[in-house]
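model.txt follows; it contains compact mmCIF, all heavy atoms.
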```
# COMPACT_ATOMS: atom_id res chain seq x y z
N MET A 1322 -25.62 -2.10 -0.90
CA MET A 1322 -26.20 -0.97 -1.59
C MET A 1322 -25.16 0.08 -1.95
O MET A 1322 -25.37 0.85 -2.87
CB MET A 1322 -27.27 -0.32 -0.72
CG MET A 1322 -28.67 -0.94 -0.81
SD MET A 1322 -29.14 -1.47 -2.41
CE MET A 1322 -30.23 -0.20 -2.89
N SER A 1323 -24.06 0.12 -1.22
CA SER A 1323 -23.05 1.12 -1.52
C SER A 1323 -22.41 0.87 -2.89
O SER A 1323 -21.98 1.80 -3.56
CB SER A 1323 -21.98 1.15 -0.44
OG SER A 1323 -21.27 -0.06 -0.43
N PHE A 1324 -22.37 -0.42 -3.28
CA PHE A 1324 -21.82 -0.74 -4.60
C PHE A 1324 -22.68 -0.13 -5.71
O PHE A 1324 -22.16 0.42 -6.69
CB PHE A 1324 -21.73 -2.25 -4.78
CG PHE A 1324 -21.31 -2.66 -6.15
CD1 PHE A 1324 -20.00 -2.51 -6.56
CD2 PHE A 1324 -22.24 -3.19 -7.05
CE1 PHE A 1324 -19.61 -2.87 -7.84
CE2 PHE A 1324 -21.85 -3.55 -8.32
CZ PHE A 1324 -20.54 -3.39 -8.72
N VAL A 1325 -23.99 -0.22 -5.55
CA VAL A 1325 -24.91 0.34 -6.56
C VAL A 1325 -24.75 1.85 -6.63
O VAL A 1325 -24.68 2.43 -7.72
CB VAL A 1325 -26.36 -0.06 -6.24
CG1 VAL A 1325 -27.33 0.60 -7.18
CG2 VAL A 1325 -26.51 -1.57 -6.26
N ALA A 1326 -24.67 2.50 -5.48
CA ALA A 1326 -24.50 3.96 -5.46
C ALA A 1326 -23.16 4.35 -6.08
O ALA A 1326 -23.08 5.32 -6.84
CB ALA A 1326 -24.58 4.47 -4.03
N GLU A 1327 -22.12 3.59 -5.78
CA GLU A 1327 -20.81 3.87 -6.36
C GLU A 1327 -20.81 3.65 -7.87
O GLU A 1327 -20.19 4.41 -8.62
CB GLU A 1327 -19.77 2.97 -5.70
CG GLU A 1327 -18.36 3.32 -6.05
CD GLU A 1327 -17.36 2.48 -5.28
OE1 GLU A 1327 -17.68 2.09 -4.14
OE2 GLU A 1327 -16.29 2.22 -5.84
N LEU A 1328 -21.51 2.63 -8.32
CA LEU A 1328 -21.58 2.35 -9.76
C LEU A 1328 -22.28 3.48 -10.50
O LEU A 1328 -21.80 3.95 -11.55
CB LEU A 1328 -22.32 1.03 -9.99
CG LEU A 1328 -22.42 0.54 -11.42
CD1 LEU A 1328 -21.04 0.20 -11.96
CD2 LEU A 1328 -23.33 -0.67 -11.50
N PHE A 1329 -23.40 3.96 -9.96
CA PHE A 1329 -24.11 5.05 -10.63
C PHE A 1329 -23.35 6.37 -10.54
O PHE A 1329 -23.42 7.20 -11.44
CB PHE A 1329 -25.54 5.19 -10.09
CG PHE A 1329 -26.46 4.16 -10.67
CD1 PHE A 1329 -26.90 3.09 -9.91
CD2 PHE A 1329 -26.88 4.26 -11.98
CE1 PHE A 1329 -27.74 2.14 -10.46
CE2 PHE A 1329 -27.72 3.31 -12.54
CZ PHE A 1329 -28.14 2.25 -11.77
N THR A 1330 -22.58 6.56 -9.47
CA THR A 1330 -21.72 7.74 -9.38
C THR A 1330 -20.64 7.68 -10.47
O THR A 1330 -20.33 8.69 -11.10
CB THR A 1330 -21.07 7.82 -7.99
OG1 THR A 1330 -22.09 7.84 -7.01
CG2 THR A 1330 -20.22 9.07 -7.86
N PHE A 1331 -20.10 6.49 -10.68
CA PHE A 1331 -19.12 6.31 -11.75
C PHE A 1331 -19.72 6.64 -13.10
O PHE A 1331 -19.11 7.33 -13.93
CB PHE A 1331 -18.60 4.87 -11.72
CG PHE A 1331 -17.73 4.51 -12.89
CD1 PHE A 1331 -16.41 4.92 -12.94
CD2 PHE A 1331 -18.24 3.77 -13.95
CE1 PHE A 1331 -15.61 4.59 -14.02
CE2 PHE A 1331 -17.45 3.43 -15.02
CZ PHE A 1331 -16.13 3.85 -15.06
N PHE A 1332 -20.94 6.11 -13.36
CA PHE A 1332 -21.60 6.39 -14.63
C PHE A 1332 -21.81 7.90 -14.81
O PHE A 1332 -21.62 8.43 -15.90
CB PHE A 1332 -22.96 5.70 -14.70
CG PHE A 1332 -22.88 4.20 -14.91
CD1 PHE A 1332 -23.89 3.38 -14.45
CD2 PHE A 1332 -21.81 3.61 -15.55
CE1 PHE A 1332 -23.85 2.01 -14.64
CE2 PHE A 1332 -21.74 2.25 -15.74
CZ PHE A 1332 -22.77 1.45 -15.29
N LYS A 1333 -22.20 8.55 -13.74
CA LYS A 1333 -22.50 9.98 -13.82
C LYS A 1333 -21.23 10.80 -14.07
O LYS A 1333 -21.24 11.72 -14.89
CB LYS A 1333 -23.16 10.41 -12.51
CG LYS A 1333 -23.75 11.76 -12.52
CD LYS A 1333 -24.50 11.99 -11.22
CE LYS A 1333 -24.92 13.41 -11.06
NZ LYS A 1333 -25.59 13.63 -9.78
N GLN A 1334 -20.15 10.46 -13.39
CA GLN A 1334 -18.91 11.20 -13.55
C GLN A 1334 -18.29 10.99 -14.93
O GLN A 1334 -17.71 11.90 -15.50
CB GLN A 1334 -17.90 10.81 -12.47
CG GLN A 1334 -18.24 11.32 -11.11
CD GLN A 1334 -17.27 10.83 -10.05
OE1 GLN A 1334 -16.44 9.97 -10.32
NE2 GLN A 1334 -17.40 11.38 -8.87
N ARG A 1335 -18.39 9.79 -15.44
CA ARG A 1335 -17.76 9.46 -16.73
C ARG A 1335 -18.70 9.73 -17.91
O ARG A 1335 -18.37 9.40 -19.04
CB ARG A 1335 -17.35 7.99 -16.76
CG ARG A 1335 -16.44 7.59 -15.66
CD ARG A 1335 -15.02 7.94 -16.00
NE ARG A 1335 -14.15 7.35 -14.99
CZ ARG A 1335 -13.06 7.91 -14.56
NH1 ARG A 1335 -12.68 9.06 -15.06
NH2 ARG A 1335 -12.34 7.34 -13.63
N LYS A 1336 -19.89 10.26 -17.63
CA LYS A 1336 -20.89 10.55 -18.67
C LYS A 1336 -21.29 9.29 -19.43
O LYS A 1336 -21.42 9.29 -20.65
CB LYS A 1336 -20.37 11.60 -19.64
CG LYS A 1336 -19.87 12.87 -19.00
CD LYS A 1336 -20.95 13.90 -18.91
CE LYS A 1336 -20.40 15.26 -18.59
NZ LYS A 1336 -20.34 15.55 -17.17
N LYS A 1337 -21.45 8.21 -18.70
CA LYS A 1337 -21.83 6.93 -19.30
C LYS A 1337 -23.20 6.48 -18.78
O LYS A 1337 -23.43 5.30 -18.56
CB LYS A 1337 -20.80 5.85 -18.97
CG LYS A 1337 -19.40 6.17 -19.38
CD LYS A 1337 -19.16 5.74 -20.80
CE LYS A 1337 -17.69 5.92 -21.13
NZ LYS A 1337 -17.44 6.08 -22.50
N LEU A 1338 -24.10 7.40 -18.58
CA LEU A 1338 -25.41 7.05 -18.04
C LEU A 1338 -26.21 6.14 -18.97
O LEU A 1338 -27.13 5.47 -18.52
CB LEU A 1338 -26.22 8.32 -17.73
CG LEU A 1338 -25.78 9.07 -16.47
CD1 LEU A 1338 -26.56 10.37 -16.35
CD2 LEU A 1338 -25.98 8.22 -15.25
N TRP A 1339 -25.85 6.11 -20.23
CA TRP A 1339 -26.56 5.23 -21.16
C TRP A 1339 -26.29 3.76 -20.84
O TRP A 1339 -27.02 2.88 -21.30
CB TRP A 1339 -26.18 5.55 -22.60
CG TRP A 1339 -24.71 5.45 -22.87
CD1 TRP A 1339 -23.78 6.42 -22.73
CD2 TRP A 1339 -24.00 4.28 -23.32
NE1 TRP A 1339 -22.54 5.95 -23.06
CE2 TRP A 1339 -22.64 4.65 -23.42
CE3 TRP A 1339 -24.38 3.00 -23.65
CZ2 TRP A 1339 -21.67 3.74 -23.84
CZ3 TRP A 1339 -23.41 2.11 -24.08
CH2 TRP A 1339 -22.08 2.48 -24.16
N LEU A 1340 -25.24 3.46 -20.06
CA LEU A 1340 -24.95 2.08 -19.67
C LEU A 1340 -25.84 1.59 -18.53
O LEU A 1340 -25.98 0.39 -18.33
CB LEU A 1340 -23.49 1.95 -19.24
CG LEU A 1340 -22.46 1.98 -20.35
CD1 LEU A 1340 -21.06 2.01 -19.74
CD2 LEU A 1340 -22.60 0.79 -21.25
N ALA A 1341 -26.42 2.50 -17.77
CA ALA A 1341 -27.22 2.13 -16.60
C ALA A 1341 -28.40 1.22 -16.95
O ALA A 1341 -28.59 0.19 -16.29
CB ALA A 1341 -27.68 3.37 -15.87
N PRO A 1342 -29.21 1.51 -17.97
CA PRO A 1342 -30.31 0.60 -18.29
C PRO A 1342 -29.84 -0.78 -18.73
O PRO A 1342 -30.47 -1.79 -18.42
CB PRO A 1342 -31.05 1.29 -19.44
CG PRO A 1342 -30.64 2.70 -19.38
CD PRO A 1342 -29.28 2.73 -18.78
N ILE A 1343 -28.70 -0.84 -19.40
CA ILE A 1343 -28.16 -2.13 -19.83
C ILE A 1343 -27.78 -2.97 -18.62
O ILE A 1343 -28.09 -4.16 -18.55
CB ILE A 1343 -26.96 -1.91 -20.77
CG1 ILE A 1343 -27.40 -1.20 -22.04
CG2 ILE A 1343 -26.28 -3.23 -21.10
CD1 ILE A 1343 -26.27 -0.73 -22.92
N VAL A 1344 -27.13 -2.35 -17.65
CA VAL A 1344 -26.72 -3.06 -16.44
C VAL A 1344 -27.94 -3.53 -15.66
O VAL A 1344 -27.98 -4.67 -15.18
CB VAL A 1344 -25.81 -2.16 -15.58
CG1 VAL A 1344 -25.55 -2.77 -14.22
CG2 VAL A 1344 -24.51 -1.88 -16.29
N VAL A 1345 -28.94 -2.69 -15.54
CA VAL A 1345 -30.16 -3.05 -14.80
C VAL A 1345 -30.86 -4.23 -15.47
O VAL A 1345 -31.28 -5.18 -14.80
CB VAL A 1345 -31.10 -1.83 -14.68
CG1 VAL A 1345 -32.46 -2.24 -14.14
CG2 VAL A 1345 -30.47 -0.78 -13.79
N ILE A 1346 -30.99 -4.21 -16.78
CA ILE A 1346 -31.65 -5.30 -17.49
C ILE A 1346 -30.87 -6.60 -17.36
O ILE A 1346 -31.44 -7.68 -17.16
CB ILE A 1346 -31.87 -4.92 -18.98
CG1 ILE A 1346 -32.94 -3.84 -19.06
CG2 ILE A 1346 -32.26 -6.13 -19.81
CD1 ILE A 1346 -33.13 -3.25 -20.43
N MET A 1347 -29.54 -6.50 -17.45
CA MET A 1347 -28.73 -7.71 -17.29
C MET A 1347 -28.88 -8.30 -15.88
O MET A 1347 -28.96 -9.52 -15.73
CB MET A 1347 -27.25 -7.39 -17.57
CG MET A 1347 -26.96 -7.19 -19.03
SD MET A 1347 -25.28 -6.70 -19.37
CE MET A 1347 -24.36 -8.02 -18.64
N LEU A 1348 -28.94 -7.46 -14.87
CA LEU A 1348 -29.13 -7.94 -13.50
C LEU A 1348 -30.51 -8.58 -13.32
O LEU A 1348 -30.65 -9.61 -12.65
CB LEU A 1348 -28.94 -6.80 -12.50
CG LEU A 1348 -27.51 -6.32 -12.32
CD1 LEU A 1348 -27.47 -5.08 -11.43
CD2 LEU A 1348 -26.65 -7.42 -11.75
N LEU A 1349 -31.53 -7.97 -13.90
CA LEU A 1349 -32.88 -8.54 -13.80
C LEU A 1349 -32.98 -9.89 -14.50
O LEU A 1349 -33.57 -10.84 -13.97
CB LEU A 1349 -33.91 -7.57 -14.38
CG LEU A 1349 -34.20 -6.34 -13.55
CD1 LEU A 1349 -35.12 -5.40 -14.32
CD2 LEU A 1349 -34.80 -6.71 -12.21
N LEU A 1350 -32.40 -10.00 -15.68
CA LEU A 1350 -32.43 -11.28 -16.40
C LEU A 1350 -31.62 -12.35 -15.66
O LEU A 1350 -32.04 -13.51 -15.60
CB LEU A 1350 -31.90 -11.10 -17.82
CG LEU A 1350 -32.81 -10.36 -18.78
CD1 LEU A 1350 -32.12 -10.15 -20.13
CD2 LEU A 1350 -34.12 -11.09 -18.96
N GLY A 1351 -30.50 -11.97 -15.10
CA GLY A 1351 -29.70 -12.91 -14.33
C GLY A 1351 -30.44 -13.39 -13.09
O GLY A 1351 -30.43 -14.58 -12.76
N GLY A 1352 -31.10 -12.47 -12.41
CA GLY A 1352 -31.90 -12.85 -11.25
C GLY A 1352 -33.06 -13.75 -11.62
O GLY A 1352 -33.39 -14.69 -10.89
N LEU A 1353 -33.69 -13.48 -12.75
CA LEU A 1353 -34.79 -14.32 -13.22
C LEU A 1353 -34.31 -15.73 -13.50
O LEU A 1353 -34.96 -16.71 -13.12
CB LEU A 1353 -35.40 -13.72 -14.48
CG LEU A 1353 -36.50 -14.52 -15.16
CD1 LEU A 1353 -37.73 -14.57 -14.26
CD2 LEU A 1353 -36.84 -13.91 -16.50
N LEU A 1354 -33.16 -15.86 -14.13
CA LEU A 1354 -32.63 -17.19 -14.42
C LEU A 1354 -32.24 -17.93 -13.14
O LEU A 1354 -32.44 -19.15 -13.04
CB LEU A 1354 -31.42 -17.09 -15.35
CG LEU A 1354 -31.73 -16.68 -16.78
CD1 LEU A 1354 -30.45 -16.51 -17.57
CD2 LEU A 1354 -32.63 -17.70 -17.45
N ILE A 1355 -31.69 -17.23 -12.18
CA ILE A 1355 -31.32 -17.89 -10.92
C ILE A 1355 -32.55 -18.32 -10.14
O ILE A 1355 -32.60 -19.43 -9.60
CB ILE A 1355 -30.44 -16.95 -10.07
CG1 ILE A 1355 -29.08 -16.82 -10.73
CG2 ILE A 1355 -30.29 -17.46 -8.64
CD1 ILE A 1355 -28.19 -15.76 -10.12
N LEU A 1356 -33.56 -17.48 -10.09
CA LEU A 1356 -34.78 -17.82 -9.35
C LEU A 1356 -35.57 -18.93 -10.02
O LEU A 1356 -36.23 -19.72 -9.35
CB LEU A 1356 -35.67 -16.58 -9.19
CG LEU A 1356 -35.15 -15.53 -8.22
CD1 LEU A 1356 -36.05 -14.31 -8.24
CD2 LEU A 1356 -35.03 -16.09 -6.81
N ALA A 1357 -35.53 -19.01 -11.32
CA ALA A 1357 -36.31 -20.00 -12.06
C ALA A 1357 -35.56 -21.30 -12.28
O ALA A 1357 -36.06 -22.21 -12.92
CB ALA A 1357 -36.74 -19.43 -13.40
N GLN A 1358 -34.38 -21.40 -11.72
CA GLN A 1358 -33.53 -22.55 -11.97
C GLN A 1358 -34.19 -23.86 -11.54
O GLN A 1358 -34.13 -24.85 -12.26
CB GLN A 1358 -32.22 -22.37 -11.21
CG GLN A 1358 -31.21 -23.46 -11.44
CD GLN A 1358 -29.91 -23.11 -10.74
OE1 GLN A 1358 -29.72 -21.99 -10.31
NE2 GLN A 1358 -29.03 -24.07 -10.64
N GLY A 1359 -34.81 -23.88 -10.40
CA GLY A 1359 -35.40 -25.12 -9.92
C GLY A 1359 -36.90 -25.17 -10.04
O GLY A 1359 -37.54 -26.07 -9.48
N SER A 1360 -37.50 -24.27 -10.74
CA SER A 1360 -38.96 -24.23 -10.80
C SER A 1360 -39.49 -24.95 -12.03
O SER A 1360 -38.76 -25.37 -12.92
CB SER A 1360 -39.45 -22.79 -10.79
OG SER A 1360 -39.18 -22.18 -12.02
N VAL A 1361 -40.79 -25.05 -12.08
CA VAL A 1361 -41.47 -25.73 -13.18
C VAL A 1361 -41.41 -24.90 -14.46
O VAL A 1361 -41.41 -25.45 -15.56
CB VAL A 1361 -42.93 -26.01 -12.79
CG1 VAL A 1361 -43.69 -26.69 -13.92
CG2 VAL A 1361 -42.98 -26.85 -11.53
N VAL A 1362 -41.34 -23.59 -14.34
CA VAL A 1362 -41.35 -22.72 -15.52
C VAL A 1362 -39.97 -22.58 -16.16
O VAL A 1362 -39.83 -21.88 -17.16
CB VAL A 1362 -41.91 -21.33 -15.19
CG1 VAL A 1362 -43.36 -21.40 -14.82
CG2 VAL A 1362 -41.11 -20.65 -14.11
N ALA A 1363 -38.95 -23.19 -15.60
CA ALA A 1363 -37.58 -23.07 -16.13
C ALA A 1363 -37.47 -23.43 -17.61
O ALA A 1363 -36.82 -22.69 -18.36
CB ALA A 1363 -36.62 -23.89 -15.29
N PRO A 1364 -38.04 -24.52 -18.08
CA PRO A 1364 -37.92 -24.81 -19.52
C PRO A 1364 -38.52 -23.74 -20.42
O PRO A 1364 -38.01 -23.48 -21.51
CB PRO A 1364 -38.67 -26.13 -19.69
CG PRO A 1364 -38.71 -26.73 -18.34
CD PRO A 1364 -38.72 -25.59 -17.38
N PHE A 1365 -39.56 -23.07 -19.96
CA PHE A 1365 -40.18 -22.04 -20.76
C PHE A 1365 -39.35 -20.76 -20.78
O PHE A 1365 -39.30 -20.06 -21.78
CB PHE A 1365 -41.60 -21.74 -20.24
CG PHE A 1365 -42.49 -22.93 -20.28
CD1 PHE A 1365 -42.88 -23.55 -19.10
CD2 PHE A 1365 -42.91 -23.47 -21.48
CE1 PHE A 1365 -43.68 -24.68 -19.12
CE2 PHE A 1365 -43.73 -24.59 -21.53
CZ PHE A 1365 -44.11 -25.20 -20.34
N ILE A 1366 -38.66 -20.46 -19.67
CA ILE A 1366 -37.82 -19.28 -19.64
C ILE A 1366 -36.57 -19.51 -20.49
O ILE A 1366 -36.14 -18.62 -21.21
CB ILE A 1366 -37.44 -18.96 -18.17
CG1 ILE A 1366 -38.68 -18.49 -17.44
CG2 ILE A 1366 -36.35 -17.90 -18.12
CD1 ILE A 1366 -38.47 -18.24 -15.97
N TYR A 1367 -36.01 -20.71 -20.44
CA TYR A 1367 -34.80 -20.98 -21.22
C TYR A 1367 -35.07 -20.97 -22.72
O TYR A 1367 -34.17 -20.69 -23.50
CB TYR A 1367 -34.18 -22.31 -20.80
CG TYR A 1367 -33.51 -22.23 -19.46
CD1 TYR A 1367 -33.91 -23.06 -18.42
CD2 TYR A 1367 -32.49 -21.33 -19.22
CE1 TYR A 1367 -33.31 -22.98 -17.18
CE2 TYR A 1367 -31.87 -21.24 -18.00
CZ TYR A 1367 -32.28 -22.08 -16.98
OH TYR A 1367 -31.69 -21.99 -15.77
N THR A 1368 -36.30 -21.21 -23.14
CA THR A 1368 -36.59 -21.14 -24.57
C THR A 1368 -36.59 -19.70 -25.08
O THR A 1368 -36.45 -19.48 -26.29
CB THR A 1368 -37.95 -21.79 -24.89
OG1 THR A 1368 -38.97 -21.13 -24.15
CG2 THR A 1368 -37.92 -23.27 -24.54
N LEU A 1369 -36.73 -18.73 -24.18
CA LEU A 1369 -36.67 -17.32 -24.59
C LEU A 1369 -35.27 -16.92 -25.01
O LEU A 1369 -35.09 -16.00 -25.80
CB LEU A 1369 -37.14 -16.42 -23.45
CG LEU A 1369 -38.60 -16.56 -23.03
CD1 LEU A 1369 -38.86 -15.70 -21.83
CD2 LEU A 1369 -39.52 -16.18 -24.17
N PHE A 1370 -34.28 -17.60 -24.50
CA PHE A 1370 -32.90 -17.24 -24.78
C PHE A 1370 -32.30 -18.22 -25.74
O PHE A 1370 -31.27 -18.23 -26.17
CB PHE A 1370 -32.08 -17.18 -23.48
CG PHE A 1370 -32.65 -16.21 -22.51
CD1 PHE A 1370 -33.36 -16.64 -21.41
CD2 PHE A 1370 -32.50 -14.85 -22.70
CE1 PHE A 1370 -33.89 -15.73 -20.51
CE2 PHE A 1370 -33.03 -13.94 -21.81
CZ PHE A 1370 -33.71 -14.40 -20.71
```
Please express what this file holds, its structure, as structure tokens.
Amino acid sequence: MSFVAELFTFFKQRKKLWLAPIVVIMLLLGGLLILAQGSVVAPFIYTLF
């Protein structure tokens, strides 16, 4: 968790808060792909990309 806090502190100090939603969405999509890798719904998720 310290990495996440450090990352958002970096965004705040460098005035790059607009990058935070992009990073969060990329992490969520990556997690979705990893979790769905061996499941039955994997072919349907891969067609979205």
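One finds atom CA of Met1322 of chain A at 17.3 Å from atom CA of Pro1342 of chain A.
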> Hey, what does DSSP flag as helix (DSSP H, G or I) within chain A? Can you give it to me as a count of residues only?
Replying inline: 36
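Taking atom CA of Leu1353 of chain A and atom CA of Leu1369 of chain A as the two end points, the separation is 11.9 Å.
One finds atom N of Leu1328 of chain A at 10.1 Å from atom CA of Ala1341 of chain A.
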